[in-house]
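Okay, target28.pdb is below, PDB, C-alpha atoms, pLDDT in the B column:
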MODEL        1
ATOM      1  CA  MET A 119      51.868  15.826   6.730  1.00 50.00           C
ATOM      2  CA  SER A 120      49.729  18.595   8.198  1.00 56.00           C
ATOM      3  CA  THR A 121      47.658  20.987   6.121  1.00 62.00           C
ATOM      4  CA  GLY A 122      47.235  23.475   8.948  1.00 61.00           C
ATOM      5  CA  LEU A 123      43.460  22.986   9.061  1.00 61.00           C
ATOM      6  CA  PRO A 124      41.865  21.840  12.311  1.00 65.00           C
ATOM      7  CA  GLN A 125      40.457  18.338  12.366  1.00 72.00           C
ATOM      8  CA  ALA A 126      36.677  18.003  12.584  1.00 72.00           C
ATOM      9  CA  SER A 127      35.454  16.844  15.969  1.00 81.00           C
ATOM     10  CA  VAL A 128      33.541  13.647  16.446  1.00 81.00           C
ATOM     11  CA  LYS A 129      30.410  15.629  17.343  1.00 77.00           C
ATOM     12  CA  SER A 130      30.507  17.591  14.121  1.00 78.00           C
ATOM     13  CA  GLN A 131      31.061  14.413  12.134  1.00 81.00           C
ATOM     14  CA  ILE A 132      28.036  12.805  13.795  1.00 80.00           C
ATOM     15  CA  PHE A 133      25.989  15.941  13.143  1.00 75.00           C
ATOM     16  CA  GLU A 134      26.992  15.919   9.491  1.00 78.00           C
ATOM     17  CA  ALA A 135      26.132  12.243   9.170  1.00 81.00           C
ATOM     18  CA  LEU A 136      22.695  12.706  10.746  1.00 77.00           C
ATOM     19  CA  LEU A 137      21.619  16.048   9.321  1.00 77.00           C
ATOM     20  CA  GLY A 138      24.016  16.731   6.467  1.00 77.00           C
ATOM     21  CA  PHE A 139      21.650  15.481   3.783  1.00 80.00           C
ATOM     22  CA  LEU A 140      18.799  17.755   4.938  1.00 80.00           C
ATOM     23  CA  PRO A 141      18.240  21.295   3.636  1.00 85.00           C
ATOM     24  CA  GLY A 142      19.859  24.142   5.544  1.00 84.00           C
ATOM     25  CA  TRP A 143      16.635  25.468   7.041  1.00 88.00           C
ATOM     26  CA  VAL A 144      15.896  22.057   8.613  1.00 86.00           C
ATOM     27  CA  GLN A 145      19.404  21.876  10.068  1.00 84.00           C
ATOM     28  CA  ILE A 146      19.033  25.350  11.574  1.00 89.00           C
ATOM     29  CA  THR A 147      15.607  24.443  12.988  1.00 91.00           C
ATOM     30  CA  VAL A 148      16.976  21.293  14.619  1.00 87.00           C
ATOM     31  CA  ILE A 149      19.909  23.179  16.127  1.00 88.00           C
ATOM     32  CA  ALA A 150      17.542  25.895  17.411  1.00 94.00           C
ATOM     33  CA  LEU A 151      15.280  23.278  19.019  1.00 94.00           C
ATOM     34  CA  ILE A 152      18.253  21.604  20.711  1.00 93.00           C
ATOM     35  CA  VAL A 153      19.497  24.941  22.045  1.00 95.00           C
ATOM     36  CA  LEU A 154      15.976  25.807  23.221  1.00 97.00           C
ATOM     37  CA  ALA A 155      15.646  22.461  25.041  1.00 97.00           C
ATOM     38  CA  VAL A 156      18.987  22.934  26.806  1.00 96.00           C
ATOM     39  CA  ALA A 157      18.097  26.508  27.806  1.00 97.00           C
ATOM     40  CA  ALA A 158      14.672  25.403  29.082  1.00 97.00           C
ATOM     41  CA  SER A 159      16.200  22.623  31.194  1.00 97.00           C
ATOM     42  CA  TRP A 160      18.658  25.114  32.704  1.00 97.00           C
ATOM     43  CA  ALA A 161      15.817  27.542  33.441  1.00 96.00           C
ATOM     44  CA  VAL A 162      13.743  24.848  35.159  1.00 96.00           C
ATOM     45  CA  LYS A 163      16.747  23.711  37.201  1.00 95.00           C
ATOM     46  CA  ILE A 164      17.505  27.281  38.322  1.00 95.00           C
ATOM     47  CA  LYS A 165      13.832  27.926  39.123  1.00 94.00           C
ATOM     48  CA  ARG A 166      13.662  24.809  41.312  1.00 91.00           C
ATOM     49  CA  LYS A 167      16.894  25.730  43.084  1.00 92.00           C
ATOM     50  CA  ILE A 168      15.582  29.227  43.860  1.00 92.00           C
ATOM     51  CA  ALA A 169      12.249  27.831  45.117  1.00 88.00           C
ATOM     52  CA  TYR A 170      14.090  25.332  47.326  1.00 87.00           C
ATOM     53  CA  ARG A 171      16.316  28.027  48.841  1.00 88.00           C
ATOM     54  CA  ARG A 172      13.323  30.291  49.509  1.00 87.00           C
ATOM     55  CA  ALA A 173      11.462  27.443  51.201  1.00 84.00           C
ATOM     56  CA  VAL A 174      14.432  26.570  53.399  1.00 84.00           C
ATOM     57  CA  ARG A 175      15.013  30.222  54.305  1.00 84.00           C
ATOM     58  CA  GLY A 176      11.313  30.726  55.109  1.00 80.00           C
ATOM     59  CA  GLY A 177      11.084  27.637  57.287  1.00 78.00           C
ATOM     60  CA  GLN A 178       8.492  25.990  55.068  1.00 71.00           C
ATOM     61  CA  PRO A 179       8.435  22.238  54.640  1.00 71.00           C
ATOM     62  CA  VAL A 180      10.331  21.181  51.559  1.00 65.00           C
ATOM     63  CA  HIS A 181       8.758  18.401  49.498  1.00 63.00           C
ATOM     64  CA  ALA A 182      11.768  16.909  47.838  1.00 58.00           C
ATOM     65  CA  ALA A 183      12.856  13.393  47.123  1.00 57.00           C
ATOM     66  CA  ALA A 184      14.582  11.697  50.015  1.00 52.00           C
ATOM     67  CA  GLN A 185      18.338  11.767  49.955  1.00 56.00           C
ATOM     68  CA  TYR A 186      20.350   8.582  50.382  1.00 55.00           C
ATOM     69  CA  GLY A 187      19.700   7.029  53.774  1.00 54.00           C
ATOM     70  CA  GLN A 188      16.727   9.249  54.689  1.00 58.00           C
ATOM     71  CA  GLY A 189      13.963   6.749  54.168  1.00 61.00           C
ATOM     72  CA  ARG A 190      12.484   3.974  52.130  1.00 61.00           C
ATOM     73  CA  GLY A 191      10.146   4.031  49.198  1.00 60.00           C
ATOM     74  CA  ALA A 192       7.377   2.621  51.406  1.00 59.00           C
ATOM     75  CA  ASP A 193       7.569   5.736  53.575  1.00 63.00           C
ATOM     76  CA  TYR A 194       6.006   7.739  50.757  1.00 68.00           C
ATOM     77  CA  LEU A 195       3.224   5.305  49.769  1.00 72.00           C
ATOM     78  CA  GLY A 196       0.740   6.527  52.368  1.00 70.00           C
ATOM     79  CA  GLU A 197      -2.194   4.165  52.821  1.00 76.00           C
ATOM     80  CA  TYR A 198      -0.739   1.864  50.172  1.00 75.00           C
ATOM     81  CA  ALA A 199       2.402   1.135  52.188  1.00 69.00           C
ATOM     82  CA  PRO A 200       2.802  -2.445  53.430  1.00 69.00           C
ATOM     83  CA  ARG A 201       1.901  -3.003  57.056  1.00 73.00           C
ATOM     84  CA  PRO A 202       4.796  -3.669  59.423  1.00 70.00           C
ATOM     85  CA  ALA A 203       5.231  -7.277  60.515  1.00 65.00           C
ATOM     86  CA  GLN A 204       3.680  -8.179  63.861  1.00 63.00           C
ATOM     87  CA  PRO A 205       6.331  -9.418  66.327  1.00 59.00           C
ATOM     88  CA  ALA A 206       3.777 -11.826  67.914  1.00 55.00           C
ATOM     89  CA  ALA A 207       5.328 -15.192  67.094  1.00 60.00           C
ATOM     90  CA  GLN A 208       8.318 -16.709  65.408  1.00 63.00           C
ATOM     91  CA  GLN A 209       7.308 -17.652  61.879  1.00 63.00           C
ATOM     92  CA  SER A 210       8.908 -20.165  59.581  1.00 64.00           C
ATOM     93  CA  GLY A 211       8.761 -20.566  55.834  1.00 63.00           C
ATOM     94  CA  ALA A 212       6.091 -23.263  56.208  1.00 62.00           C
ATOM     95  CA  ASP A 213       3.761 -20.693  57.795  1.00 65.00           C
ATOM     96  CA  PHE A 214       3.305 -19.120  54.389  1.00 70.00           C
ATOM     97  CA  LEU A 215       2.644 -22.329  52.450  1.00 73.00           C
ATOM     98  CA  GLY A 216      -1.040 -22.514  53.361  1.00 70.00           C
ATOM     99  CA  ALA A 217      -2.636 -25.849  52.390  1.00 74.00           C
ATOM    100  CA  TYR A 218       0.715 -27.042  51.023  1.00 76.00           C
ATOM    101  CA  ALA A 219       2.462 -26.827  54.408  1.00 72.00           C
ATOM    102  CA  PRO A 220       3.469 -30.160  55.983  1.00 73.00           C
ATOM    103  CA  GLN A 221       1.271 -31.229  58.888  1.00 74.00           C
ATOM    104  CA  ARG A 222       2.761 -30.901  62.365  1.00 71.00           C
ATOM    105  CA  PRO A 223       2.370 -33.596  65.014  1.00 71.00           C
ATOM    106  CA  GLY A 224      -0.577 -32.923  67.307  1.00 66.00           C
ATOM    107  CA  THR A 225      -2.628 -31.198  64.639  1.00 60.00           C
ATOM    108  CA  ASP A 226      -5.426 -32.583  62.516  1.00 60.00           C
ATOM    109  CA  GLY A 227      -4.201 -35.132  60.057  1.00 57.00           C
ATOM    110  CA  PRO A 228      -1.707 -37.975  60.198  1.00 55.00           C
ATOM    111  CA  ALA A 229       1.647 -37.507  61.863  1.00 54.00           C
ATOM    112  CA  PRO A 230       4.731 -37.516  59.662  1.00 57.00           C
ATOM    113  CA  GLY A 231       5.974 -41.011  58.956  1.00 56.00           C
ATOM    114  CA  THR A 232       2.590 -42.673  59.378  1.00 56.00           C
ATOM    115  CA  SER A 233       0.212 -43.748  56.688  1.00 56.00           C
ATOM    116  CA  ALA A 234      -3.328 -42.522  56.476  1.00 51.00           C
TER     117      ALA A 234
ENDMDL
END
Any chance you could give the structure as structure tokens?
Amino acid sequence: MSTGLPQASVKSQIFEALLGFLPGWVQITVIALIVLAVAASWAVKIKRKIAYRRAVRGGQPVHAAAQYGQGRGADYLGEYAPRPAQPAAQQSGADFLGAYAPQRPGTDGPAPGTSA
């Protein structure tokens, strides 16, 4: 049984549920702010795209976020980046235990398996 009228979309039903109880001037203001936010985001996106193209065309360095596979986050930390590991010696997990590391034979302290 069809009445010939189009069904309301889900978006319009949500809009009515959220703003339907407010006066008309508030609804219009909210819609205008949403439209303004969308237009502003488009304008910023277009402005950035134009600036990027001009920089590439002019041969200037482009300061953009690294694309996938171009680097690590530490590459952009400057002086705060972690220092690379020194390949001097093979290290084990016990090397990082400090005072809690088990004593090795030939070092100060009792050998493993002996009592102090």
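The coordinates place atom CA of A:Leu195 at 25.5 Å from atom CA of A:Lys167.
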Atom CA of A:Ala157 to atom CA of A:Tyr170, straight-line distance in Å: 20.0 Å
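Here atom CA of A:Thr147 stands at a distance of 16.6 Å from atom CA of A:Ala135.
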